[in-house]
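Undergrad: Please find data-v4.cif (mmCIF, C-alpha atoms and all ligand atoms) on the next line:
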data_work
loop_
_atom_site.group_PDB
_atom_site.id
_atom_site.type_symbol
_atom_site.label_atom_id
_atom_site.label_comp_id
_atom_site.auth_asym_id
_atom_site.auth_seq_id
_atom_site.Cartn_x
_atom_site.Cartn_y
_atom_site.Cartn_z
ATOM 1 C CA MET A 416 3.299 4.301 -24.549
ATOM 2 C CA SER A 417 3.679 1.360 -22.144
ATOM 3 C CA ALA A 418 2.419 1.544 -18.563
ATOM 4 C CA SER A 419 6.034 1.585 -17.327
ATOM 5 C CA GLU A 420 6.846 4.537 -19.578
ATOM 6 C CA ARG A 421 3.745 6.350 -18.329
ATOM 7 C CA ALA A 422 4.819 5.621 -14.737
ATOM 8 C CA LEU A 423 8.334 6.900 -15.444
ATOM 9 C CA ALA A 424 6.840 10.155 -16.696
ATOM 10 C CA LEU A 425 5.499 10.659 -13.139
ATOM 11 C CA PHE A 426 8.968 10.341 -11.576
ATOM 12 C CA GLN A 427 10.835 13.254 -10.044
ATOM 13 C CA GLN A 428 13.354 14.516 -12.572
ATOM 14 C CA HIS A 429 16.426 13.248 -10.690
ATOM 15 C CA ARG A 430 14.890 9.820 -10.092
ATOM 16 C CA ARG A 431 13.899 9.506 -13.760
ATOM 17 C CA ALA A 432 17.456 10.071 -14.894
ATOM 18 C CA ALA A 433 18.732 7.395 -12.503
ATOM 19 C CA ALA A 434 16.000 4.831 -13.244
ATOM 20 C CA PRO A 435 17.319 1.518 -14.552
ATOM 21 C CA ALA A 436 15.823 -0.440 -17.428
ATOM 22 C CA ILE A 437 12.716 -2.538 -16.915
ATOM 23 C CA GLU A 438 13.632 -6.158 -16.289
ATOM 24 C CA ASP A 439 11.465 -9.147 -15.443
ATOM 25 C CA GLY A 440 8.389 -6.978 -15.920
ATOM 26 C CA TRP A 441 9.186 -4.446 -13.182
ATOM 27 C CA LEU A 442 11.474 -1.509 -12.710
ATOM 28 C CA ASP A 443 14.042 -2.133 -9.996
ATOM 29 C CA LEU A 444 14.760 1.055 -8.055
ATOM 30 C CA LEU A 445 16.507 -0.695 -5.164
ATOM 31 C CA GLY A 446 19.243 -2.912 -6.578
ATOM 32 C CA GLU A 447 21.141 -4.222 -3.542
ATOM 33 C CA GLU A 448 19.187 -2.005 -1.158
ATOM 34 C CA ASP A 449 16.633 -3.719 1.059
ATOM 35 C CA PRO A 450 14.225 -1.554 3.059
ATOM 36 C CA THR A 451 12.391 -4.584 4.485
ATOM 37 C CA GLY A 452 12.956 -4.768 8.220
ATOM 38 C CA ALA A 453 15.021 -7.429 9.982
ATOM 39 C CA HIS A 454 12.226 -9.172 11.871
ATOM 40 C CA PRO A 455 11.377 -12.696 10.587
ATOM 41 C CA GLY A 456 7.756 -11.546 10.027
ATOM 42 C CA GLN A 457 9.072 -8.839 7.699
ATOM 43 C CA ARG A 458 11.693 -11.070 6.033
ATOM 44 C CA LEU A 459 8.939 -13.556 5.211
ATOM 45 C CA MET A 460 7.668 -11.125 2.560
ATOM 46 C CA LEU A 461 10.844 -11.834 0.566
ATOM 47 C CA SER A 462 10.358 -15.606 0.596
ATOM 48 C CA SER A 463 9.917 -17.450 -2.677
ATOM 49 C CA VAL A 464 7.149 -19.636 -1.216
ATOM 50 C CA LEU A 465 4.829 -17.052 0.333
ATOM 51 C CA PRO A 466 3.722 -15.405 -2.944
ATOM 52 C CA HIS A 467 2.389 -18.791 -4.141
ATOM 53 C CA ILE A 468 0.045 -19.180 -1.194
ATOM 54 C CA TYR A 469 -0.420 -15.520 -0.330
ATOM 55 C CA GLU A 470 -3.622 -14.684 -2.121
ATOM 56 C CA ARG A 471 -5.596 -17.869 -1.576
ATOM 57 C CA ILE A 472 -4.418 -18.927 1.871
ATOM 58 C CA TRP A 473 -2.135 -16.514 3.738
ATOM 59 C CA ARG A 474 -3.996 -13.250 3.137
ATOM 60 C CA PRO A 475 -7.540 -14.573 3.855
ATOM 61 C CA LEU A 476 -6.309 -16.377 6.991
ATOM 62 C CA GLY A 477 -4.361 -13.350 8.171
ATOM 63 C CA ALA A 478 -7.401 -11.150 7.603
ATOM 64 C CA ARG A 479 -9.571 -13.505 9.679
ATOM 65 C CA LEU A 480 -7.031 -13.418 12.494
ATOM 66 C CA LEU A 481 -6.800 -9.649 12.403
ATOM 67 C CA MET A 482 -10.429 -8.773 11.755
ATOM 68 C CA GLY A 483 -12.264 -11.665 13.401
ATOM 69 C CA ALA A 484 -14.950 -13.944 11.964
ATOM 70 C CA ALA A 485 -17.410 -11.072 11.554
ATOM 71 C CA GLY A 486 -14.910 -8.927 9.650
ATOM 72 C CA PRO A 487 -15.050 -8.369 5.897
ATOM 73 C CA ASP A 488 -13.955 -11.251 3.667
ATOM 74 C CA THR A 489 -11.658 -10.806 0.666
ATOM 75 C CA ARG A 490 -14.497 -9.801 -1.679
ATOM 76 C CA GLU A 491 -15.782 -7.242 0.811
ATOM 77 C CA GLU A 492 -12.277 -5.888 1.354
ATOM 78 C CA HIS A 493 -11.977 -5.268 -2.373
ATOM 79 C CA LYS A 494 -15.307 -3.449 -2.317
ATOM 80 C CA ILE A 495 -14.187 -1.353 0.666
ATOM 81 C CA ALA A 496 -10.989 -0.374 -1.161
ATOM 82 C CA LEU A 497 -12.887 0.570 -4.308
ATOM 83 C CA ASP A 498 -15.496 2.520 -2.341
ATOM 84 C CA MET A 499 -12.834 4.430 -0.418
ATOM 85 C CA LEU A 500 -10.827 5.234 -3.544
ATOM 86 C CA ALA A 501 -13.880 6.126 -5.683
ATOM 87 C CA LEU A 502 -11.895 5.474 -8.852
ATOM 88 C CA ARG A 503 -12.972 6.919 -12.175
ATOM 89 C CA PRO A 504 -11.885 5.960 -15.696
ATOM 90 C CA GLY A 505 -8.691 7.698 -16.723
ATOM 91 C CA GLU A 506 -7.365 8.208 -13.190
ATOM 92 C CA SER A 507 -3.921 7.280 -11.874
ATOM 93 C CA VAL A 508 -3.628 4.991 -8.848
ATOM 94 C CA LEU A 509 -0.655 4.008 -6.707
ATOM 95 C CA ASP A 510 -0.787 0.737 -4.764
ATOM 96 C CA VAL A 511 1.889 1.051 -2.062
ATOM 97 C CA ALA A 512 3.313 -2.303 -0.892
ATOM 98 C CA CYS A 513 1.215 -4.029 -3.539
ATOM 99 C CA GLY A 514 2.486 -7.530 -2.729
ATOM 100 C CA PRO A 515 1.433 -9.959 -5.484
ATOM 101 C CA GLY A 516 -0.856 -7.335 -7.026
ATOM 102 C CA ASN A 517 -4.023 -8.722 -5.457
ATOM 103 C CA PHE A 518 -5.611 -5.263 -5.175
ATOM 104 C CA THR A 519 -3.609 -3.636 -7.981
ATOM 105 C CA ARG A 520 -5.318 -5.781 -10.603
ATOM 106 C CA ASN A 521 -8.782 -4.688 -9.473
ATOM 107 C CA PHE A 522 -7.811 -1.043 -9.601
ATOM 108 C CA ALA A 523 -6.636 -1.569 -13.180
ATOM 109 C CA LEU A 524 -10.140 -2.671 -14.181
ATOM 110 C CA ALA A 525 -11.720 0.331 -12.433
ATOM 111 C CA VAL A 526 -9.670 3.046 -14.160
ATOM 112 C CA GLY A 527 -10.035 1.857 -17.765
ATOM 113 C CA ASP A 528 -7.325 3.599 -19.752
ATOM 114 C CA GLY A 529 -5.969 5.232 -16.594
ATOM 115 C CA LEU A 530 -2.726 4.088 -14.991
ATOM 116 C CA VAL A 531 -2.078 1.857 -11.992
ATOM 117 C CA VAL A 532 1.363 1.582 -10.396
ATOM 118 C CA GLY A 533 2.182 -1.133 -7.873
ATOM 119 C CA ILE A 534 5.304 -0.620 -5.790
ATOM 120 C CA ASP A 535 6.762 -3.165 -3.398
ATOM 121 C CA ALA A 536 10.152 -4.034 -1.905
ATOM 122 C CA SER A 537 9.909 -7.778 -2.536
ATOM 123 C CA GLU A 538 11.174 -9.301 -5.786
ATOM 124 C CA THR A 539 9.268 -12.530 -5.253
ATOM 125 C CA MET A 540 5.987 -10.697 -4.621
ATOM 126 C CA LEU A 541 6.530 -8.598 -7.733
ATOM 127 C CA ALA A 542 7.347 -11.647 -9.842
ATOM 128 C CA ARG A 543 4.005 -13.090 -8.849
ATOM 129 C CA ALA A 544 2.242 -9.763 -9.470
ATOM 130 C CA VAL A 545 3.646 -9.541 -12.981
ATOM 131 C CA ARG A 546 2.676 -13.142 -13.715
ATOM 132 C CA GLU A 547 -0.899 -12.651 -12.499
ATOM 133 C CA THR A 548 -1.567 -9.301 -14.167
ATOM 134 C CA GLU A 549 -3.062 -9.168 -17.641
ATOM 135 C CA SER A 550 -4.095 -5.520 -17.839
ATOM 136 C CA THR A 551 -1.735 -3.407 -19.912
ATOM 137 C CA ASN A 552 -2.340 -0.288 -17.798
ATOM 138 C CA VAL A 553 -0.373 -1.601 -14.802
ATOM 139 C CA ALA A 554 3.294 -0.881 -14.060
ATOM 140 C CA TYR A 555 5.184 -2.582 -11.245
ATOM 141 C CA MET A 556 8.296 -1.379 -9.546
ATOM 142 C CA ARG A 557 10.572 -2.510 -6.756
ATOM 143 C CA GLY A 558 11.003 0.414 -4.430
ATOM 144 C CA ASP A 559 10.770 1.705 -0.879
ATOM 145 C CA ALA A 560 7.455 3.080 0.376
ATOM 146 C CA CYS A 561 9.511 5.559 2.417
ATOM 147 C CA ALA A 562 11.265 7.016 -0.630
ATOM 148 C CA LEU A 563 8.723 7.098 -3.452
ATOM 149 C CA PRO A 564 10.252 8.154 -6.775
ATOM 150 C CA PHE A 565 7.250 10.185 -7.919
ATOM 151 C CA GLN A 566 6.695 13.913 -8.283
ATOM 152 C CA ASP A 567 4.489 15.694 -5.762
ATOM 153 C CA ASP A 568 0.741 15.386 -6.441
ATOM 154 C CA ALA A 569 1.237 12.605 -9.033
ATOM 155 C CA PHE A 570 -1.683 10.265 -8.214
ATOM 156 C CA ASP A 571 -5.458 10.650 -8.049
ATOM 157 C CA ALA A 572 -5.767 7.820 -5.548
ATOM 158 C CA ILE A 573 -3.439 5.801 -3.323
ATOM 159 C CA CYS A 574 -4.000 2.516 -1.526
ATOM 160 C CA CYS A 575 -1.793 1.009 1.146
ATOM 161 C CA PHE A 576 -3.389 -2.153 2.504
ATOM 162 C CA ALA A 577 -1.919 -4.579 5.028
ATOM 163 C CA ALA A 578 1.531 -3.023 4.913
ATOM 164 C CA LEU A 579 2.017 0.062 7.102
ATOM 165 C CA TYR A 580 2.337 -2.249 10.109
ATOM 166 C CA LEU A 581 5.239 -4.066 8.430
ATOM 167 C CA ILE A 582 7.082 -0.980 7.250
ATOM 168 C CA ASP A 583 9.924 0.000 9.577
ATOM 169 C CA GLU A 584 9.168 3.714 9.454
ATOM 170 C CA PRO A 585 5.442 3.958 8.727
ATOM 171 C CA MET A 586 5.232 7.703 9.345
ATOM 172 C CA ARG A 587 7.878 8.321 6.700
ATOM 173 C CA ALA A 588 5.828 6.209 4.315
ATOM 174 C CA LEU A 589 2.761 8.301 5.175
ATOM 175 C CA ASP A 590 4.743 11.491 4.475
ATOM 176 C CA GLU A 591 5.601 10.141 1.057
ATOM 177 C CA ILE A 592 2.079 8.921 0.332
ATOM 178 C CA VAL A 593 0.612 12.320 1.172
ATOM 179 C CA ARG A 594 3.301 14.084 -0.875
ATOM 180 C CA VAL A 595 2.551 12.152 -4.073
ATOM 181 C CA LEU A 596 -1.250 12.289 -3.666
ATOM 182 C CA ALA A 597 -2.865 14.968 -5.844
ATOM 183 C CA PRO A 598 -4.976 17.705 -4.256
ATOM 184 C CA GLY A 599 -8.508 16.273 -4.091
ATOM 185 C CA GLY A 600 -7.033 12.753 -4.281
ATOM 186 C CA ARG A 601 -8.303 9.860 -2.147
ATOM 187 C CA LEU A 602 -6.342 7.630 0.195
ATOM 188 C CA ALA A 603 -7.260 4.175 1.524
ATOM 189 C CA LEU A 604 -5.360 2.442 4.323
ATOM 190 C CA LEU A 605 -5.758 -0.902 6.039
ATOM 191 C CA SER A 606 -3.624 -1.523 9.082
ATOM 192 C CA SER A 607 -3.614 -2.797 12.656
ATOM 193 C CA CYS A 608 -5.600 -1.163 15.450
ATOM 194 C CA ASN A 609 -5.143 -1.544 19.154
ATOM 195 C CA ARG A 610 -8.188 -2.846 21.035
ATOM 196 C CA GLY A 611 -8.747 -4.095 24.543
ATOM 197 C CA PRO A 612 -7.397 -3.076 27.904
ATOM 198 C CA LEU A 613 -3.681 -2.666 27.104
ATOM 199 C CA PRO A 614 -2.335 0.681 25.884
ATOM 200 C CA ALA A 615 -1.079 0.462 22.276
ATOM 201 C CA ALA A 616 2.555 0.871 23.345
ATOM 202 C CA VAL A 617 2.272 -2.170 25.617
ATOM 203 C CA ALA A 618 0.376 -4.266 23.017
ATOM 204 C CA ASP A 619 2.994 -3.289 20.438
ATOM 205 C CA ALA A 620 5.835 -4.220 22.765
ATOM 206 C CA VAL A 621 4.296 -7.702 23.104
ATOM 207 C CA VAL A 622 3.085 -8.345 19.546
ATOM 208 C CA ARG A 623 5.822 -6.777 17.398
ATOM 209 C CA PRO A 624 8.756 -8.853 18.693
ATOM 210 C CA LEU A 625 6.699 -12.010 18.107
ATOM 211 C CA SER A 626 5.216 -11.185 14.705
ATOM 212 C CA GLY A 627 6.936 -8.152 13.197
ATOM 213 C CA VAL A 628 3.533 -6.450 13.113
ATOM 214 C CA ARG A 629 3.315 -2.943 14.600
ATOM 215 C CA ILE A 630 0.208 -2.231 16.632
ATOM 216 C CA PHE A 631 -1.123 1.249 15.944
ATOM 217 C CA ALA A 632 -3.081 3.076 18.600
ATOM 218 C CA ARG A 633 -6.700 3.594 17.638
ATOM 219 C CA ASP A 634 -6.259 7.275 16.760
ATOM 220 C CA GLU A 635 -2.638 7.124 15.603
ATOM 221 C CA LEU A 636 -3.225 6.872 11.855
ATOM 222 C CA THR A 637 -6.242 9.182 11.744
ATOM 223 C CA GLY A 638 -4.263 11.694 13.836
ATOM 224 C CA ALA A 639 -1.233 11.382 11.556
ATOM 225 C CA LEU A 640 -3.392 12.072 8.502
ATOM 226 C CA ARG A 641 -5.019 15.056 10.216
ATOM 227 C CA ALA A 642 -1.568 16.381 11.147
ATOM 228 C CA ARG A 643 -0.587 16.080 7.478
ATOM 229 C CA GLY A 644 -3.557 18.269 6.471
ATOM 230 C CA LEU A 645 -5.874 15.622 5.042
ATOM 231 C CA SER A 646 -9.634 15.970 5.282
ATOM 232 C CA ASP A 647 -12.734 13.730 5.228
ATOM 233 C CA ILE A 648 -10.921 11.227 7.454
ATOM 234 C CA GLU A 649 -13.043 8.184 8.214
ATOM 235 C CA GLN A 650 -12.146 5.100 10.204
ATOM 236 C CA ARG A 651 -13.829 1.714 10.277
ATOM 237 C CA VAL A 652 -12.523 -0.642 12.934
ATOM 238 C CA ALA A 653 -12.867 -4.403 12.400
ATOM 239 C CA GLY A 654 -11.368 -6.550 15.149
ATOM 240 C CA PHE A 655 -7.712 -5.606 15.458
ATOM 241 C CA ALA A 656 -7.719 -3.885 12.072
ATOM 242 C CA GLN A 657 -8.754 -0.491 10.813
ATOM 243 C CA PHE A 658 -9.722 0.803 7.394
ATOM 244 C CA VAL A 659 -9.013 4.506 7.068
ATOM 245 C CA SER A 660 -9.992 6.743 4.185
ATOM 246 C CA ALA A 661 -9.083 10.384 3.664
ATOM 247 C CA ARG A 662 -8.821 13.077 1.023
ATOM 248 C CA LYS A 663 -6.073 15.566 0.299
ATOM 249 C CA ARG A 664 -7.410 19.110 0.326
ATOM 250 C CA LYS A 665 -7.562 21.011 -2.941
ATOM 251 C CA LEU A 666 -5.403 24.111 -3.069
ATOM 252 C CA THR A 667 -8.532 26.302 -2.941
ATOM 253 C CA GLU A 668 -9.692 24.660 0.301
ATOM 254 C CA GLY A 669 -8.407 26.181 3.512
ATOM 255 C CA GLY A 670 -8.235 24.589 6.935
ATOM 256 C CA ALA A 671 -5.788 22.334 8.697
HETATM 257 C C1 LIG B 1 1.159 -8.264 3.670
HETATM 258 S S1 LIG B 1 1.762 -7.656 2.141
HETATM 259 C C2 LIG B 1 0.404 -6.642 1.584
HETATM 260 C C3 LIG B 1 0.051 -6.887 0.127
HETATM 261 C C4 LIG B 1 -1.260 -6.266 -0.309
HETATM 262 N N1 LIG B 1 -1.210 -4.818 -0.222
HETATM 263 C C5 LIG B 1 -2.436 -6.796 0.478
HETATM 264 O O1 LIG B 1 -3.213 -6.001 1.031
HETATM 265 O O2 LIG B 1 -2.615 -8.007 0.535
HETATM 266 C C6 LIG B 1 2.935 -6.459 2.720
HETATM 267 C C7 LIG B 1 3.891 -6.018 1.627
HETATM 268 O O3 LIG B 1 4.624 -4.890 2.110
HETATM 269 C C8 LIG B 1 5.872 -4.925 1.448
HETATM 270 N N2 LIG B 1 6.798 -3.993 2.118
HETATM 271 C C9 LIG B 1 7.286 -4.054 3.391
HETATM 272 N N3 LIG B 1 8.109 -3.012 3.650
HETATM 273 C C10 LIG B 1 8.129 -2.266 2.504
HETATM 274 C C11 LIG B 1 8.779 -1.048 2.132
HETATM 275 N N4 LIG B 1 9.551 -0.367 2.984
HETATM 276 N N5 LIG B 1 8.578 -0.567 0.882
HETATM 277 C C12 LIG B 1 7.789 -1.234 -0.002
HETATM 278 N N6 LIG B 1 7.140 -2.386 0.301
HETATM 279 C C13 LIG B 1 7.305 -2.886 1.529
HETATM 280 C C14 LIG B 1 6.268 -6.381 1.515
HETATM 281 O O4 LIG B 1 7.249 -6.711 0.568
HETATM 282 C C15 LIG B 1 4.917 -7.064 1.245
HETATM 283 O O5 LIG B 1 4.762 -7.418 -0.093
#
Rewrite the structure of this file - the entire thing - as structure tokens.
TA:
Amino acid sequence: MSASERALALFQQHRRAAAPAIEDGWLDLLGEEDPTGAHPGQRLMLSSVLPHIYERIWRPLGARLLMGAAGPDTREEHKIALDMLALRPGESVLDVACGPGNFTRNFALAVGDGLVVGIDASETMLARAVRETESTNVAYMRGDACALPFQDDAFDAICCFAALYLIDEPMRALDEIVRVLAPGGRLALLSSCNRGPLPAAVADAVVRPLSGVRIFARDELTGALRARGLSDIEQRVAGFAQFVSARKRKLTEGGA
């Protein structure tokens, strides 16, 4: 069975029936729909140029800006993601807003014959991801992080790096991420984090109109995960960024 067929088997019944054929190496669940926001910083993710320079130039530079000179470099970021997700061979992983597959490909190596699904709204990013991915256990799809097509509890681990701050309704995306994460499953997030004297709402009101990037308050994401019942929530702040890991409780575990 191909990776795309294995991914389709994880779809909700009604989404499976409506799923179109796989074209250009990914499954297009959006057609004419475009969940990317209207801000130029968000529209940029659809550009045909960005994916060519994303991994080598844009992403490392952006990370430096966000995390500062002392923050983790690309190699360390990959290690952080793998540590937070604690992947084991045979597991299923969802990379939400996977971009050109820069993290997706690493997850594919970590899970052996397991399955990795990368979902993103941008055709040009996905085209690059497909081109750069050799592993046969990876499926890509064009879809909205706020309306994931998967059944509840479908994935052992979920990553969403450098994207929640660009998604128009990040809390809806978090709802969906938590819904499709299996009990006991691990979650890894990388997003913005407010620092300094200004309250997050003020910093956001200044930064978002200029860049399209939402500024999360320091406890906003950890609080949102707690409110959604996750446990083992850990936050590592680096400059104006935060890495957050968490685990979905098993059904036998109580607590809120
Ligand atoms: C900065 S890239 C992050 C890529 C990769 N995860 C990384 O860490 O480098 C942000 C991605 O979020 C995607 N994106 C934005 N809004 C989205 C949405 N509503 N659903 C799915 N993907 C979305 C964009 O298309 C873009 O590829």
Undergrad: When the PyMOL selection byres (((chain A and resi 632-636) around 7) and not hetatm) is applied to the structure above, which residues does it catch, written out as a list in words?
TA: Cys608, Asn609, Ala615, Ile630, Phe631, Thr637, Gly638, Ala639 and Leu640 of chain A
Undergrad: Using only C-alpha atoms, please write the residues we just selected to a file, as a compact mmCIF listing (two decimals), keeping the file's coordinate frame.
TA:
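Written out: selection.txt:
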# COMPACT_ATOMS: atom_id res chain seq x y z
CA CYS A 608 -5.60 -1.16 15.45
CA ASN A 609 -5.14 -1.54 19.15
CA ALA A 615 -1.08 0.46 22.28
CA ILE A 630 0.21 -2.23 16.63
CA PHE A 631 -1.12 1.25 15.94
CA THR A 637 -6.24 9.18 11.74
CA GLY A 638 -4.26 11.69 13.84
CA ALA A 639 -1.23 11.38 11.56
CA LEU A 640 -3.39 12.07 8.50
Undergrad: Which is closer to ligand LIG 1 (chain B) than all the others in A:Lys663, A:Arg474, A:Arg601, A:Arg610, using all atoms listed in the file?
TA: A:Arg474
Undergrad: Evaluate the PyMOL selection byres (((not hetatm)) within 8 of (chain B and resi 1)) and record the selected residues as a PDB file with C-alpha atoms, in the coordinates of the input, following the chain and residue labels used in the document.
TA:
ATOM      1  CA  PRO A 450      14.225  -1.554   3.059  1.00  0.00           C
ATOM      2  CA  THR A 451      12.391  -4.584   4.485  1.00  0.00           C
ATOM      3  CA  GLY A 452      12.956  -4.768   8.220  1.00  0.00           C
ATOM      4  CA  GLN A 457       9.072  -8.839   7.699  1.00  0.00           C
ATOM      5  CA  MET A 460       7.668 -11.125   2.560  1.00  0.00           C
ATOM      6  CA  LEU A 461      10.844 -11.834   0.566  1.00  0.00           C
ATOM      7  CA  TYR A 469      -0.420 -15.520  -0.330  1.00  0.00           C
ATOM      8  CA  GLU A 470      -3.622 -14.684  -2.121  1.00  0.00           C
ATOM      9  CA  ARG A 474      -3.996 -13.250   3.137  1.00  0.00           C
ATOM     10  CA  ASP A 510      -0.787   0.737  -4.764  1.00  0.00           C
ATOM     11  CA  VAL A 511       1.889   1.051  -2.062  1.00  0.00           C
ATOM     12  CA  ALA A 512       3.313  -2.303  -0.892  1.00  0.00           C
ATOM     13  CA  CYS A 513       1.215  -4.029  -3.539  1.00  0.00           C
ATOM     14  CA  GLY A 514       2.486  -7.530  -2.729  1.00  0.00           C
ATOM     15  CA  PRO A 515       1.433  -9.959  -5.484  1.00  0.00           C
ATOM     16  CA  GLY A 516      -0.856  -7.335  -7.026  1.00  0.00           C
ATOM     17  CA  ASN A 517      -4.023  -8.722  -5.457  1.00  0.00           C
ATOM     18  CA  PHE A 518      -5.611  -5.263  -5.175  1.00  0.00           C
ATOM     19  CA  ILE A 534       5.304  -0.620  -5.790  1.00  0.00           C
ATOM     20  CA  ASP A 535       6.762  -3.165  -3.398  1.00  0.00           C
ATOM     21  CA  ALA A 536      10.152  -4.034  -1.905  1.00  0.00           C
ATOM     22  CA  SER A 537       9.909  -7.778  -2.536  1.00  0.00           C
ATOM     23  CA  GLU A 538      11.174  -9.301  -5.786  1.00  0.00           C
ATOM     24  CA  MET A 540       5.987 -10.697  -4.621  1.00  0.00           C
ATOM     25  CA  LEU A 541       6.530  -8.598  -7.733  1.00  0.00           C
ATOM     26  CA  ARG A 557      10.572  -2.510  -6.756  1.00  0.00           C
ATOM     27  CA  GLY A 558      11.003   0.414  -4.430  1.00  0.00           C
ATOM     28  CA  ASP A 559      10.770   1.705  -0.879  1.00  0.00           C
ATOM     29  CA  ALA A 560       7.455   3.080   0.376  1.00  0.00           C
ATOM     30  CA  CYS A 561       9.511   5.559   2.417  1.00  0.00           C
ATOM     31  CA  CYS A 574      -4.000   2.516  -1.526  1.00  0.00           C
ATOM     32  CA  CYS A 575      -1.793   1.009   1.146  1.00  0.00           C
ATOM     33  CA  PHE A 576      -3.389  -2.153   2.504  1.00  0.00           C
ATOM     34  CA  ALA A 577      -1.919  -4.579   5.028  1.00  0.00           C
ATOM     35  CA  ALA A 578       1.531  -3.023   4.913  1.00  0.00           C
ATOM     36  CA  LEU A 579       2.017   0.062   7.102  1.00  0.00           C
ATOM     37  CA  LEU A 581       5.239  -4.066   8.430  1.00  0.00           C
ATOM     38  CA  ILE A 582       7.082  -0.980   7.250  1.00  0.00           C
ATOM     39  CA  ASP A 583       9.924   0.000   9.577  1.00  0.00           C
ATOM     40  CA  GLU A 584       9.168   3.714   9.454  1.00  0.00           C
ATOM     41  CA  ALA A 588       5.828   6.209   4.315  1.00  0.00           C
ATOM     42  CA  LEU A 605      -5.758  -0.902   6.039  1.00  0.00           C
TER      43      LEU A 605
END
Undergrad: Please evaluate the PyMOL selection byres (((chain A and resi 545-547) around 8) and not hetatm) against the structure above and give the resulting residues as a PyMOL selection string.
TA: chain A and resi 440-441+515-516+541-544+548-549+555
Undergrad: Can I get the selected residues back with C-alpha atoms, as a PDB file, in the frame of the given file?
TA:
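New file again08.pdb:
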ATOM      1  CA  GLY A 440       8.389  -6.978 -15.920  1.00  0.00           C
ATOM      2  CA  TRP A 441       9.186  -4.446 -13.182  1.00  0.00           C
ATOM      3  CA  PRO A 515       1.433  -9.959  -5.484  1.00  0.00           C
ATOM      4  CA  GLY A 516      -0.856  -7.335  -7.026  1.00  0.00           C
ATOM      5  CA  LEU A 541       6.530  -8.598  -7.733  1.00  0.00           C
ATOM      6  CA  ALA A 542       7.347 -11.647  -9.842  1.00  0.00           C
ATOM      7  CA  ARG A 543       4.005 -13.090  -8.849  1.00  0.00           C
ATOM      8  CA  ALA A 544       2.242  -9.763  -9.470  1.00  0.00           C
ATOM      9  CA  THR A 548      -1.567  -9.301 -14.167  1.00  0.00           C
ATOM     10  CA  GLU A 549      -3.062  -9.168 -17.641  1.00  0.00           C
ATOM     11  CA  TYR A 555       5.184  -2.582 -11.245  1.00  0.00           C
TER      12      TYR A 555
END
Undergrad: Determine the nearest neighbour of A:Ala656 from the options A:Gly529, A:Ala569, A:Gly477, A:Gly644, counting only C-alpha atoms.
TA: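 Comparing A:Gly529, A:Ala569, A:Gly477, A:Gly644 against A:Ala656, the winner is A:Gly477.
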Undergrad: For A:Leu502, which residue out of A:Ala618, A:Ala523, A:Ala433, A:Gly627 is the nearest one, using only C-alpha atoms?
TA: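 Among A:Ala618, A:Ala523, A:Ala433, A:Gly627, it is A:Ala523 that comes nearest to A:Leu502.
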Undergrad: Pick the closest to A:Asp571 from A:Pro614, A:Gly505, A:Pro466, A:Gly486: which is it, counting all atoms listed in the file?
TA: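 Ranking A:Pro614, A:Gly505, A:Pro466, A:Gly486 by distance to A:Asp571, first place goes to A:Gly505.
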Undergrad: Separation of atom CA of A:Glu668 and atom CA of A:Lys494, in Å?
TA: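 Computing it gives 28.8 Å between the two atoms.
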Undergrad: So how far away is atom CA of A:Leu530 from atom CA of A:Asp647, in Å?
TA: 24.5 Å
Undergrad: As a ChimeraX atom specification, please: the residues near A:Ala422 (cut-off 9 Å, all atoms listed in the file, same-chain neighbours under 2 positions excluded).
TA: /A:417-420,424-426,530-532,553-555,565
Undergrad: For the atom pair atom CA of A:Ile648 and atom CA of A:Arg662, what is the interatomic distance in Å to one decimal place?
TA: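 Calculated distance between atom CA of A:Ile648 and atom CA of A:Arg662 is 7.0 Å.
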